[in-house]
Amino acid sequence: MVRPLAQKPTITILNNYFCFISENRKTTPDDLYFVTLSIVGWLDLLVRETHKNILVDNLTYRQSKEKLDIFAYVIISNHSHLVCRRRDDDLKRTFG
């Protein structure tokens with residue numbers, strides 16, 4: 001289910017815990033990538049529904065505003081996997 005968002009959601013609760021794409025990793029627009037968003041220290045932060053909703057709201061925002069195409073995703077207690085691409089821009093600008 002895609003929920004429209006009026007403004008960019010804040011992810012301050014989870015912001016300091018996610019590891020994003022390495023600076024050494026090269027990505028190109030329009031290519032598909034398997035992305036893992038892992039929580040530092042493998043803490044089980046995504047067991048609460050509110051934390052999962054923050055992540056889903058953020059991904060929904062990025063789909064609508066940053067041309068992120070998500071083909072599949074799974075949320076696990078301490079990390080998340082996505083199959084995605086960013087149209088017309090580098091994926092690192094979304095997750096970097």
# chains A, B, ... in the order shown; residues from 1 in each chain; ligands from 1

$ residues_around --residues "stretch 84-92 of chain A" --least-positions-apart "3" --cutoff "7 Å" --atoms "only C-alpha atoms" --output "MDAnalysis selection string"
chainID A and resid 21 27:34 67:71 95:96

$ atom_distance --atom1 "atom CA of A:Val83" --atom2 "atom CA of A:Ser38"
14.6 Å

$ residues_around --residues "A:Tyr73" --least-positions-apart "4" --cutoff "8 Å" --atoms "only C-alpha atoms" --output "number ranges by chain"
A: 80-83

$ write_last_selection --atoms "C-alpha atoms" --output "JSON list (two decimals), in the first residue's frame"
[["chain", "number", "residue", "atom", "x", "y", "z"],
["A", 80, "SER", "CA", 16.19, -4.48, 5.52],
["A", 81, "HIS", "CA", 16.72, -5.63, 1.93],
["A", 82, "LEU", "CA", 15.53, -3.84, -1.20],
["A", 83, "VAL", "CA", 15.65, -4.46, -4.92]]

$ atom_distance --atom1 "atom CA of A:Arg62" --atom2 "atom CA of A:Val74"
16.5 Å

$ atom_distance --atom1 "atom CA of A:Leu43" --atom2 "atom CA of A:Leu59"
20.4 Å

$ closest_residue --among "A:Gly41, A:Thr36, A:Lys65, A:Ile75" --to "A:Asn53" --atoms "only C-alpha atoms"
A:Ile75
